[in-house]
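For reference, run-v7.tsv is printed below; it contains TSV, C-alpha atoms.
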```tsv
chain	number	residue	atom	x	y	z
A	1	MET	CA	36.55	83.86	47.12
A	2	THR	CA	34.49	83.88	50.35
A	3	HIS	CA	32.66	80.83	51.63
A	4	ARG	CA	29.32	82.47	50.77
A	5	ARG	CA	30.44	83.19	47.19
A	6	ARG	CA	31.69	79.65	46.74
A	7	ARG	CA	28.29	78.33	47.82
A	8	LEU	CA	26.56	80.71	45.43
A	9	ALA	CA	28.81	79.66	42.54
A	10	ALA	CA	28.10	75.99	43.26
A	11	LYS	CA	24.35	76.63	43.32
A	12	THR	CA	24.56	78.58	40.07
A	13	ARG	CA	26.40	75.74	38.35
A	14	THR	CA	23.91	73.15	39.62
A	15	LEU	CA	20.98	75.26	38.42
A	16	CYS	CA	22.63	75.67	35.01
A	17	THR	CA	23.01	71.90	34.73
A	18	ILE	CA	19.37	71.32	35.58
A	19	LEU	CA	18.18	73.94	33.10
A	20	THR	CA	20.33	72.81	30.20
A	21	THR	CA	19.47	69.14	30.65
A	22	SER	CA	15.83	69.90	29.93
A	23	GLY	CA	16.76	69.57	26.23
A	24	VAL	CA	19.63	68.08	24.27
A	25	LEU	CA	20.78	71.51	23.19
A	26	ALA	CA	19.96	74.76	24.93
A	27	GLY	CA	19.65	76.51	21.59
A	28	ALA	CA	19.05	79.96	23.03
A	29	ALA	CA	22.35	79.78	24.93
A	30	LEU	CA	24.39	78.73	21.90
A	31	ALA	CA	25.56	80.68	18.89
A	32	GLY	CA	23.67	78.76	16.21
A	33	ALA	CA	20.58	76.61	16.05
A	34	ALA	CA	20.43	73.15	17.57
A	35	PRO	CA	21.45	70.42	15.12
A	36	ALA	CA	18.55	68.97	13.14
A	37	GLY	CA	16.95	65.96	14.80
A	38	ALA	CA	18.31	66.77	18.26
A	39	ALA	CA	16.49	64.85	20.95
A	40	SER	CA	14.30	66.42	23.62
A	41	ASP	CA	14.94	63.88	26.41
A	42	ALA	CA	18.39	64.88	27.58
A	43	GLY	CA	18.57	62.76	30.70
A	44	ARG	CA	18.46	59.29	29.19
A	45	ILE	CA	19.69	57.98	25.86
A	46	ALA	CA	19.06	54.35	26.87
A	47	SER	CA	19.29	52.36	30.07
A	48	GLY	CA	22.84	52.81	31.33
A	49	VAL	CA	23.50	55.78	29.02
A	50	ALA	CA	22.74	59.31	30.26
A	51	TYR	CA	23.42	62.76	28.84
A	52	ARG	CA	23.63	66.25	30.25
A	53	GLN	CA	25.14	69.59	29.34
A	54	PHE	CA	26.22	72.63	31.31
A	55	ASP	CA	28.16	75.87	31.16
A	56	LEU	CA	31.59	75.88	32.79
A	57	PRO	CA	33.50	79.07	33.74
A	58	ALA	CA	37.11	78.85	32.55
A	59	ALA	CA	40.17	81.07	32.48
A	60	ARG	CA	39.49	82.32	28.95
A	61	GLY	CA	35.72	82.48	29.13
A	62	THR	CA	32.71	80.28	29.66
A	63	VAL	CA	32.64	76.97	27.78
A	64	HIS	CA	29.72	74.62	27.20
A	65	VAL	CA	30.21	70.96	28.15
A	66	HIS	CA	28.41	67.94	26.70
A	67	LEU	CA	28.72	64.84	28.89
A	68	LEU	CA	27.69	61.23	28.30
A	69	THR	CA	27.79	58.91	31.31
A	70	VAL	CA	27.91	55.18	30.58
A	71	ASP	CA	27.24	52.46	33.14
A	72	LEU	CA	29.11	49.32	32.09
A	73	THR	CA	27.39	47.28	34.80
A	74	ASP	CA	24.25	47.52	32.66
A	75	PRO	CA	24.20	44.26	30.66
A	76	HIS	CA	22.62	46.01	27.67
A	77	VAL	CA	25.56	48.39	27.21
A	78	HIS	CA	28.96	47.83	25.66
A	79	MET	CA	31.72	49.93	24.11
A	80	ASP	CA	33.67	49.52	20.89
A	81	LEU	CA	35.75	51.42	18.39
A	82	LEU	CA	34.00	53.40	15.68
A	83	SER	CA	35.90	52.91	12.43
A	84	PRO	CA	35.51	54.17	8.86
A	85	GLY	CA	36.16	50.65	7.59
A	86	ALA	CA	39.92	50.96	7.09
A	87	VAL	CA	42.85	52.28	9.08
A	88	ALA	CA	43.83	54.66	6.29
A	89	ALA	CA	40.44	56.32	5.92
A	90	ARG	CA	38.27	58.97	7.57
A	91	SER	CA	34.57	59.45	8.18
A	92	PRO	CA	32.31	61.73	10.30
A	93	VAL	CA	31.48	60.39	13.75
A	94	SER	CA	27.75	60.41	12.96
A	95	THR	CA	28.30	58.30	9.83
A	96	MET	CA	30.47	55.78	11.68
A	97	ALA	CA	27.99	55.57	14.56
A	98	ASP	CA	25.02	54.95	12.27
A	99	ALA	CA	26.92	52.38	10.20
A	100	ALA	CA	27.88	50.46	13.35
A	101	GLY	CA	24.49	50.81	15.08
A	102	ALA	CA	25.85	52.82	18.02
A	103	VAL	CA	23.48	54.83	20.22
A	104	ALA	CA	26.14	57.42	21.08
A	105	GLY	CA	29.78	58.26	20.56
A	106	VAL	CA	32.60	60.77	20.35
A	107	ASN	CA	35.58	61.26	18.07
A	108	GLY	CA	38.78	59.39	18.86
A	109	ASP	CA	42.51	59.57	18.23
A	110	PHE	CA	44.67	62.23	16.58
A	111	PHE	CA	45.51	61.37	12.98
A	112	ASN	CA	47.57	62.07	9.84
A	113	ILE	CA	45.51	65.09	8.84
A	114	THR	CA	47.88	66.95	6.49
A	115	GLU	CA	51.05	66.53	4.43
A	116	THR	CA	52.11	70.12	3.80
A	117	GLN	CA	55.65	69.10	4.74
A	118	HIS	CA	55.74	66.39	2.06
A	119	PRO	CA	54.15	67.80	-1.12
A	120	GLY	CA	52.74	65.11	-3.38
A	121	VAL	CA	52.52	62.52	-0.60
A	122	GLU	CA	48.99	61.24	0.01
A	123	VAL	CA	47.42	62.02	3.36
A	124	THR	CA	46.42	58.67	4.84
A	125	GLY	CA	43.97	59.82	7.52
A	126	ALA	CA	45.33	57.00	9.71
A	127	SER	CA	45.35	57.43	13.48
A	128	VAL	CA	48.47	57.96	15.59
A	129	GLY	CA	48.13	55.35	18.32
A	130	PRO	CA	47.20	51.69	18.56
A	131	ALA	CA	43.66	50.67	17.62
A	132	ILE	CA	41.66	47.59	18.57
A	133	ALA	CA	38.09	46.97	17.39
A	134	HIS	CA	35.88	43.99	18.28
A	135	GLY	CA	38.89	42.44	20.01
A	136	ARG	CA	40.96	42.57	16.82
A	137	VAL	CA	44.18	44.57	16.53
A	138	LEU	CA	43.96	47.00	13.61
A	139	LYS	CA	47.22	48.91	14.01
A	140	ALA	CA	50.15	49.80	16.21
A	141	ALA	CA	51.50	53.21	17.24
A	142	VAL	CA	53.65	55.41	15.03
A	143	PRO	CA	56.98	56.63	16.44
A	144	THR	CA	56.39	59.48	18.90
A	145	ALA	CA	58.37	61.96	16.79
A	146	GLN	CA	55.95	61.31	13.91
A	147	ARG	CA	52.87	62.15	15.93
A	148	PHE	CA	50.22	64.65	14.82
A	149	GLY	CA	48.65	66.65	17.66
A	150	PRO	CA	49.67	68.93	20.54
A	151	SER	CA	52.75	68.29	22.66
A	152	LEU	CA	52.49	65.26	24.90
A	153	PRO	CA	52.73	65.50	28.70
A	154	PRO	CA	56.10	64.35	30.11
A	155	GLY	CA	56.36	60.58	30.43
A	156	THR	CA	53.68	59.78	27.84
A	157	ASP	CA	54.04	58.56	24.26
A	158	THR	CA	52.10	57.26	21.28
A	159	THR	CA	51.63	53.77	22.75
A	160	ASP	CA	49.24	55.12	25.42
A	161	VAL	CA	45.65	53.94	25.03
A	162	PHE	CA	42.23	54.09	26.61
A	163	GLY	CA	40.39	50.80	26.31
A	164	VAL	CA	37.73	48.48	27.65
A	165	GLY	CA	38.60	44.85	28.27
A	166	VAL	CA	36.54	41.75	27.68
A	167	ASP	CA	35.81	41.98	31.41
A	168	ARG	CA	33.84	45.19	30.65
A	169	ARG	CA	36.22	47.39	32.65
A	170	ALA	CA	37.87	50.54	31.30
A	171	ARG	CA	41.62	51.10	31.70
A	172	LEU	CA	44.50	53.32	30.71
A	173	ASP	CA	47.37	51.25	29.36
A	174	ARG	CA	50.17	51.06	26.83
A	175	LEU	CA	50.12	48.72	23.86
A	176	THR	CA	53.42	47.84	22.19
A	177	LEU	CA	53.87	45.83	19.02
A	178	VAL	CA	55.96	42.66	19.25
A	179	GLY	CA	56.50	40.90	15.94
A	180	THR	CA	58.90	38.92	13.78
A	181	VAL	CA	59.54	38.24	10.10
A	182	ARG	CA	61.07	34.79	9.81
A	183	THR	CA	62.94	33.94	6.61
A	184	PRO	CA	65.04	30.89	5.68
A	185	ASP	CA	68.18	32.82	6.64
A	186	ALA	CA	67.21	35.09	9.51
A	187	THR	CA	64.54	36.43	11.83
A	188	LEU	CA	63.84	40.14	11.52
A	189	ALA	CA	62.10	42.37	14.02
A	190	LEU	CA	58.73	43.68	12.84
A	191	ARG	CA	58.45	47.31	13.94
A	192	GLY	CA	55.20	48.44	12.41
A	193	LEU	CA	51.63	47.33	11.72
A	194	ASN	CA	49.34	49.38	9.47
A	195	GLN	CA	51.08	52.63	10.44
A	196	TYR	CA	51.35	55.88	8.49
A	197	ALA	CA	54.98	56.21	9.69
A	198	LEU	CA	57.80	53.75	10.31
A	199	ALA	CA	60.98	54.23	12.28
A	200	GLN	CA	64.17	54.67	10.26
A	201	GLY	CA	65.65	51.35	9.25
A	202	ALA	CA	62.46	49.48	10.12
A	203	VAL	CA	60.25	46.87	8.51
A	204	GLY	CA	56.48	47.23	8.86
A	205	ALA	CA	53.55	45.04	7.88
A	206	TYR	CA	50.36	46.11	6.08
A	207	THR	CA	47.21	44.01	5.84
A	208	ALA	CA	43.73	44.31	4.35
A	209	ALA	CA	42.80	46.42	7.40
A	210	TRP	CA	45.05	49.23	6.13
A	211	GLY	CA	42.80	50.08	3.18
A	212	SER	CA	43.81	51.38	-0.23
A	213	ALA	CA	45.85	54.51	0.57
A	214	SER	CA	49.43	54.77	-0.63
A	215	ARG	CA	52.07	53.46	1.76
A	216	LYS	CA	54.52	56.18	0.66
A	217	ARG	CA	53.85	58.25	3.82
A	218	ALA	CA	55.34	55.47	5.96
A	219	THR	CA	58.77	56.17	4.51
A	220	CYS	CA	58.69	59.92	5.24
A	221	GLY	CA	59.96	61.72	8.33
A	222	SER	CA	62.66	60.57	10.72
A	223	ASP	CA	63.11	59.36	14.27
A	224	THR	CA	63.44	62.97	15.41
A	225	SER	CA	61.30	64.99	12.99
A	226	ARG	CA	57.96	64.49	11.29
A	227	ALA	CA	58.99	67.10	8.70
A	228	ALA	CA	62.11	65.24	7.53
A	229	GLY	CA	62.11	64.15	3.92
A	230	CYS	CA	60.93	60.87	2.44
A	231	SER	CA	63.41	58.03	2.10
A	232	THR	CA	64.42	56.92	-1.39
A	233	ASP	CA	65.85	53.68	0.01
A	234	THR	CA	62.72	51.53	0.23
A	235	TYR	CA	61.54	48.03	-0.69
A	236	GLU	CA	58.26	46.10	-0.54
A	237	VAL	CA	57.55	42.37	-0.46
A	238	GLN	CA	54.11	40.77	-0.77
A	239	ILE	CA	53.50	37.59	1.22
A	240	ARG	CA	50.62	35.19	0.55
A	241	ALA	CA	50.27	31.71	2.05
A	242	SER	CA	53.68	32.27	3.70
A	243	ARG	CA	55.40	32.72	0.32
A	244	VAL	CA	56.85	35.76	-1.42
A	245	VAL	CA	54.60	36.50	-4.41
A	246	ALA	CA	55.81	39.96	-5.51
A	247	THR	CA	58.46	42.59	-4.82
A	248	SER	CA	58.78	46.30	-5.55
A	249	ALA	CA	61.40	49.01	-5.07
A	250	THR	CA	58.76	51.61	-4.20
A	251	PRO	CA	55.83	51.72	-1.74
A	252	GLY	CA	52.57	50.67	-3.35
A	253	SER	CA	48.91	51.56	-3.00
A	254	GLY	CA	45.52	49.99	-3.56
A	255	ALA	CA	43.54	47.49	-1.54
A	256	ILE	CA	45.49	44.60	-0.02
A	257	PRO	CA	43.66	41.28	-0.55
A	258	THR	CA	42.56	39.35	2.50
A	259	GLY	CA	45.24	36.83	3.37
A	260	THR	CA	48.04	38.96	1.89
A	261	THR	CA	50.63	40.83	3.96
A	262	VAL	CA	52.79	43.58	2.48
A	263	LEU	CA	56.16	44.11	4.15
A	264	LEU	CA	57.60	47.60	3.67
A	265	GLY	CA	61.17	48.41	4.63
A	266	ARG	CA	63.15	51.63	4.66
A	267	GLU	CA	66.96	51.99	4.77
A	268	ALA	CA	68.36	48.98	6.68
A	269	GLY	CA	64.91	47.39	6.64
A	270	ALA	CA	64.81	47.69	2.84
A	271	ASP	CA	68.22	46.01	2.62
A	272	ARG	CA	66.93	43.03	4.59
A	273	LEU	CA	63.86	42.66	2.39
A	274	ARG	CA	65.93	42.82	-0.84
A	275	THR	CA	67.44	39.44	0.04
A	276	LEU	CA	64.06	37.77	-0.39
A	277	THR	CA	63.06	36.17	-3.70
A	278	LYS	CA	59.76	35.06	-5.17
A	279	GLY	CA	58.60	31.71	-3.83
A	280	GLU	CA	60.73	31.97	-0.70
A	281	ARG	CA	59.03	31.04	2.55
A	282	VAL	CA	58.39	33.94	4.96
A	283	THR	CA	56.37	33.84	8.17
A	284	VAL	CA	55.05	37.05	9.73
A	285	ARG	CA	53.83	37.04	13.31
A	286	GLU	CA	52.71	39.92	15.48
A	287	HIS	CA	50.81	40.70	18.65
A	288	MET	CA	50.31	43.62	21.00
A	289	VAL	CA	51.69	43.55	24.54
A	290	ALA	CA	49.92	45.55	27.26
A	291	SER	CA	52.08	47.15	29.93
A	292	ALA	CA	49.47	46.83	32.68
A	293	ALA	CA	46.44	44.67	31.98
A	294	ARG	CA	46.44	40.94	31.40
A	295	ILE	CA	42.84	41.06	30.23
A	296	PRO	CA	42.36	41.18	26.43
A	297	TYR	CA	40.90	44.41	25.11
A	298	ARG	CA	37.58	44.52	23.31
A	299	PHE	CA	38.55	47.93	22.04
A	300	ALA	CA	41.36	50.44	22.48
A	301	VAL	CA	42.07	53.87	21.06
A	302	GLY	CA	45.05	56.21	21.15
A	303	GLY	CA	45.42	59.67	22.67
A	304	TYR	CA	47.19	60.55	25.91
A	305	PRO	CA	46.49	60.41	29.67
A	306	VAL	CA	45.80	63.59	31.63
A	307	LEU	CA	44.59	62.17	34.97
A	308	ARG	CA	45.85	59.12	36.89
A	309	GLY	CA	44.65	57.95	40.26
A	310	GLY	CA	42.64	61.13	40.68
A	311	GLU	CA	45.66	63.39	40.14
A	312	PRO	CA	46.51	65.43	37.03
A	313	LEU	CA	49.74	64.40	35.31
A	314	ALA	CA	52.73	66.60	35.97
A	315	GLY	CA	53.57	69.08	33.26
A	316	LEU	CA	50.15	69.40	31.65
A	317	ASN	CA	49.84	72.39	29.32
A	318	GLY	CA	48.07	75.21	31.14
A	319	THR	CA	48.37	77.93	28.50
A	320	THR	CA	46.95	76.67	25.18
A	321	ALA	CA	43.15	76.55	25.18
A	322	ALA	CA	41.04	74.75	22.55
A	323	VAL	CA	37.82	72.87	22.03
A	324	ARG	CA	38.48	69.44	23.57
A	325	THR	CA	37.29	65.83	23.69
A	326	ALA	CA	38.17	63.51	26.58
A	327	VAL	CA	37.15	60.23	28.17
A	328	GLY	CA	37.45	59.20	31.81
A	329	TYR	CA	36.26	56.53	34.16
A	330	ALA	CA	35.44	55.85	37.79
A	331	SER	CA	34.06	52.99	39.90
A	332	GLY	CA	36.89	50.64	39.00
A	333	GLY	CA	36.39	51.24	35.29
A	334	ARG	CA	32.66	50.51	35.39
A	335	ARG	CA	31.44	54.09	34.86
A	336	LEU	CA	32.60	56.07	31.84
A	337	LEU	CA	32.49	59.80	31.20
A	338	LEU	CA	32.59	60.95	27.57
A	339	PHE	CA	33.33	64.67	27.50
A	340	ALA	CA	33.10	67.09	24.56
A	341	LEU	CA	33.14	70.88	24.43
A	342	ASP	CA	30.81	72.86	22.24
A	343	GLY	CA	32.42	74.58	19.27
A	344	ALA	CA	29.84	77.34	18.89
A	345	VAL	CA	31.46	80.76	18.51
A	346	ALA	CA	30.25	81.92	21.93
A	347	TYR	CA	32.12	79.05	23.62
A	348	ARG	CA	35.10	78.53	21.35
A	349	SER	CA	37.61	79.97	23.86
A	350	GLY	CA	38.03	76.40	25.04
A	351	LEU	CA	39.98	74.74	27.85
A	352	THR	CA	43.64	74.03	28.41
A	353	ILE	CA	44.64	70.40	28.95
A	354	ALA	CA	45.29	71.22	32.60
A	355	GLU	CA	41.71	72.52	32.86
A	356	VAL	CA	40.37	69.37	31.17
A	357	ALA	CA	42.14	67.21	33.75
A	358	ALA	CA	40.78	69.33	36.61
A	359	GLU	CA	37.22	69.21	35.27
A	360	MET	CA	37.30	65.45	34.66
A	361	ARG	CA	38.39	65.00	38.28
A	362	GLN	CA	35.60	67.34	39.39
A	363	LEU	CA	33.12	65.19	37.44
A	364	GLY	CA	34.30	62.12	39.35
A	365	ALA	CA	36.83	60.53	36.99
A	366	VAL	CA	39.77	58.73	38.59
A	367	ASP	CA	41.66	58.36	35.31
A	368	ALA	CA	41.12	60.47	32.19
A	369	PHE	CA	42.44	60.53	28.64
A	370	SER	CA	42.61	63.30	26.04
A	371	LEU	CA	41.35	62.59	22.54
A	372	ASP	CA	41.61	64.72	19.40
A	373	GLY	CA	40.03	68.16	19.71
A	374	GLY	CA	39.50	71.36	17.75
A	375	GLY	CA	37.56	70.73	14.56
A	376	SER	CA	37.45	66.99	15.35
A	377	THR	CA	35.48	67.35	18.60
A	378	THR	CA	32.08	65.75	17.98
A	379	MET	CA	29.51	64.08	20.22
A	380	VAL	CA	26.52	62.18	18.82
A	381	ALA	CA	23.59	60.23	20.26
A	382	ARG	CA	20.42	58.46	19.15
A	383	THR	CA	17.37	58.59	21.38
A	384	ALA	CA	14.48	56.14	21.67
A	385	GLY	CA	12.54	55.95	18.43
A	386	ALA	CA	15.18	57.69	16.32
A	387	LYS	CA	16.74	55.79	13.44
A	388	THR	CA	19.93	57.83	13.27
A	389	VAL	CA	22.16	59.73	15.67
A	390	SER	CA	22.17	63.51	16.01
A	391	VAL	CA	25.19	65.72	16.62
A	392	LEU	CA	24.81	67.06	20.16
A	393	ASN	CA	27.51	69.72	20.17
A	394	HIS	CA	28.32	72.35	17.56
A	395	PRO	CA	31.56	71.22	15.88
A	396	THR	CA	33.87	74.08	14.95
A	397	GLU	CA	33.84	72.82	11.38
A	398	SER	CA	30.73	72.61	9.21
A	399	PRO	CA	29.99	70.15	7.86
A	400	GLU	CA	31.17	67.71	10.51
A	401	ARG	CA	34.86	66.81	10.12
A	402	ALA	CA	35.78	63.34	8.89
A	403	VAL	CA	38.03	61.68	11.49
A	404	ALA	CA	40.09	58.50	11.83
A	405	ASN	CA	38.02	56.71	14.48
A	406	GLY	CA	35.85	57.20	17.54
A	407	ILE	CA	34.50	55.67	20.72
A	408	GLY	CA	31.07	54.10	20.27
A	409	VAL	CA	28.43	53.33	22.88
A	410	PHE	CA	26.22	50.38	21.95
A	411	TRP	CA	22.96	49.16	23.44
A	412	LYS	CA	21.20	45.85	22.84
A	413	PRO	CA	17.93	44.62	24.42
```
Can you dump the structure from the file as structure tokens?
Amino acid sequence: MTHRRRRLAAKTRTLCTILTTSGVLAGAALAGAAPAGAASDAGRIASGVAYRQFDLPAARGTVHVHLLTVDLTDPHVHMDLLSPGAVAARSPVSTMADAAGAVAGVNGDFFNITETQHPGVEVTGASVGPAIAHGRVLKAAVPTAQRFGPSLPPGTDTTDVFGVGVDRRARLDRLTLVGTVRTPDATLALRGLNQYALAQGAVGAYTAAWGSASRKRATCGSDTSRAAGCSTDTYEVQIRASRVVATSATPGSGAIPTGTTVLLGREAGADRLRTLTKGERVTVREHMVASAARIPYRFAVGGYPVLRGGEPLAGLNGTTAAVRTAVGYASGGRRLLLFALDGAVAYRSGLTIAEVAAEMRQLGAVDAFSLDGGGSTTMVARTAGAKTVSVLNHPTESPERAVANGIGVFWKP
């Protein structure tokens, strides 16, 4: 491309941005009408929260980008996890945002979306990676081989998170569970917390945060294959007030009362739990260890990194295109970019992960993180005077897909 053509392309893109930001959705440019209740002031959702949209030429055709920019130096703004109320549950992003009082948000982590490989096993809807909401750990990461979602870039795994610390700075990090189950005779390693999958031979803990879904799924799959069968060698122990109150040879379901912890073991883990008897004293302790930050997280969500230090990760997929959601940050973690593609038919050709990384860098992100995409990609916002959020993009599914969690933008006077 000549220098003159490059200048012309840059001007065309700038003009497109200006034109499309004159309204929340440029309905004439999209295949389908703008979502009901869409706002007319595209530039500003609230102080510190701005929105714009633009067309982006890509290898497989033009895509339409929806972008929220969040200034965490604004004292009125903060970020948190959007949650359906339980780890093993799903809800549309708009519903979660309205329930939490968020002014904007996007969908979050990949999740246990189907169980075609294990007929009769309940789909939990639980997310893949760690999750922290309001500073409270909700869950740890499933084993990488049990992950739902596209292939991970080399050197990444299910413990990778995007989060914002109590210091109001965004980071990419890894969160690993460290826990113990202490009995009168031994101390066992705790290798799971509210997860839809446990490693072979492991013991995992489930709390009220898990919800009411069956825990059967946690005993399915193996350390090398998500499709492997379900273990028949399992055992559960219920702990309340540091005492064993019930045992079972099969994984249970139903709400777990506050103050009760259910320990679920498979194979060698089940053998260890079988030694426990009712009334015996058992102490369960767990915490998450960050690989980089020493600042506690206000919230964290799973996915996988695509950009670090302004450079795309090596080995990013450059062939498979899809509708995508991503989050990035700049200015030392003080400025966030929430990125979602439009799923309207005219734009559904999508981007590859390599293209997402390149575009996030072009938008100014230093680090960026891929979230769930495809039918999950959803961006919502609530403008001044509105009582509820509106969906800004056109999700590929209608109605809006229920997802495991999301990233919420909150504003308080």
Exercise for review: Considering all atoms listed in the file, return as a PyMOL selection string whatever protein or nucleic-acid residues lie within 10 Å of A:Ala99, sequence-local ones (same chain, fewer than 3 positions apart) excluded.
Suggested key: chain A and resi 82-85+93-96+102+388
Review point. Pick the closest to A:Leu351 from A:Thr275, A:Thr62, A:Gln117, A:Ser212: which is it, counting all atoms listed in the file?
Key: A:Thr62
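When only C-alpha atoms are used to compute distances to A:Arg266, the closest of the residues A:Ala208, A:Ala197, A:Ile407, A:Ala46 turns out to be A:Ala197.
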Point to revise | Close residues, A:Ala126 itself excluded, 8 Å, all atoms listed in the file, min 4 positions apart in chain, as an MDAnalysis selection string | key: chainID A and resid 87:90 111:112 195:196 404
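Relative to atom CA of A:Ala205, atom CA of A:Thr124 is found at 15.7 Å.
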**Study point:** Option closest in space to A:Ser349, from A:Val409, A:Ala322, A:Ala292, A:Glu236 [counting only C-alpha atoms]
**Key:**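 The closest residue to A:Ser349 is A:Ala322.
Among the candidate residues A:Ala131, A:Leu138, A:Ala402, A:Ala213, the one lying nearest to A:Ser253 is A:Ala213, with distances computed using all atoms listed in the file.
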Practice item. Kindly indicate which residue among A:Val121, A:Gly310, A:Gln238, A:Ala246 lies nearest to A:Ser214, using only C-alpha atoms for the distances. Key: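 Residue with the minimum atom-to-atom distance to A:Ser214: A:Val121.
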Practice item. Kindly indicate which residue among A:Ile132, A:Val380, A:Val323, A:Ala145 lies nearest to A:Leu338, using all atoms listed in the file for the distances. Key: A:Val380
Residue neighbourhood stretch 173-182 of chain A, 8 Å, all atoms listed in the file, exclusion window fewer than 2 positions, as a JSON list (two decimals) with C-alpha atoms, in the coordinates of the input:
```json
[["chain", "number", "residue", "atom", "x", "y", "z"],
["A", 130, "PRO", "CA", 47.20, 51.69, 18.56],
["A", 140, "ALA", "CA", 50.15, 49.80, 16.21],
["A", 141, "ALA", "CA", 51.50, 53.21, 17.24],
["A", 159, "THR", "CA", 51.63, 53.77, 22.75],
["A", 160, "ASP", "CA", 49.24, 55.12, 25.42],
["A", 161, "VAL", "CA", 45.65, 53.94, 25.03],
["A", 162, "PHE", "CA", 42.23, 54.09, 26.61],
["A", 163, "GLY", "CA", 40.39, 50.80, 26.31],
["A", 171, "ARG", "CA", 41.62, 51.10, 31.70],
["A", 184, "PRO", "CA", 65.04, 30.89, 5.68],
["A", 186, "ALA", "CA", 67.21, 35.09, 9.51],
["A", 187, "THR", "CA", 64.54, 36.43, 11.83],
["A", 188, "LEU", "CA", 63.84, 40.14, 11.52],
["A", 189, "ALA", "CA", 62.10, 42.37, 14.02],
["A", 190, "LEU", "CA", 58.73, 43.68, 12.84],
["A", 191, "ARG", "CA", 58.45, 47.31, 13.94],
["A", 192, "GLY", "CA", 55.20, 48.44, 12.41],
["A", 193, "LEU", "CA", 51.63, 47.33, 11.72],
["A", 282, "VAL", "CA", 58.39, 33.94, 4.96],
["A", 283, "THR", "CA", 56.37, 33.84, 8.17],
["A", 284, "VAL", "CA", 55.05, 37.05, 9.73],
["A", 285, "ARG", "CA", 53.83, 37.04, 13.31],
["A", 286, "GLU", "CA", 52.71, 39.92, 15.48],
["A", 287, "HIS", "CA", 50.81, 40.70, 18.65],
["A", 288, "MET", "CA", 50.31, 43.62, 21.00],
["A", 289, "VAL", "CA", 51.69, 43.55, 24.54],
["A", 290, "ALA", "CA", 49.92, 45.55, 27.26],
["A", 291, "SER", "CA", 52.08, 47.15, 29.93],
["A", 292, "ALA", "CA", 49.47, 46.83, 32.68],
["A", 293, "ALA", "CA", 46.44, 44.67, 31.98]]
```
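Atom CA of A:Ala386 lies 27.3 Å from atom CA of A:Leu371.
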Practice item. Grab the atom CA of A:Ala209 to atom CA of A:Phe339 distance for me, in Å with one decimal place. Key: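 For atom CA of A:Ala209 relative to atom CA of A:Phe339, the distance reads 28.8 Å.
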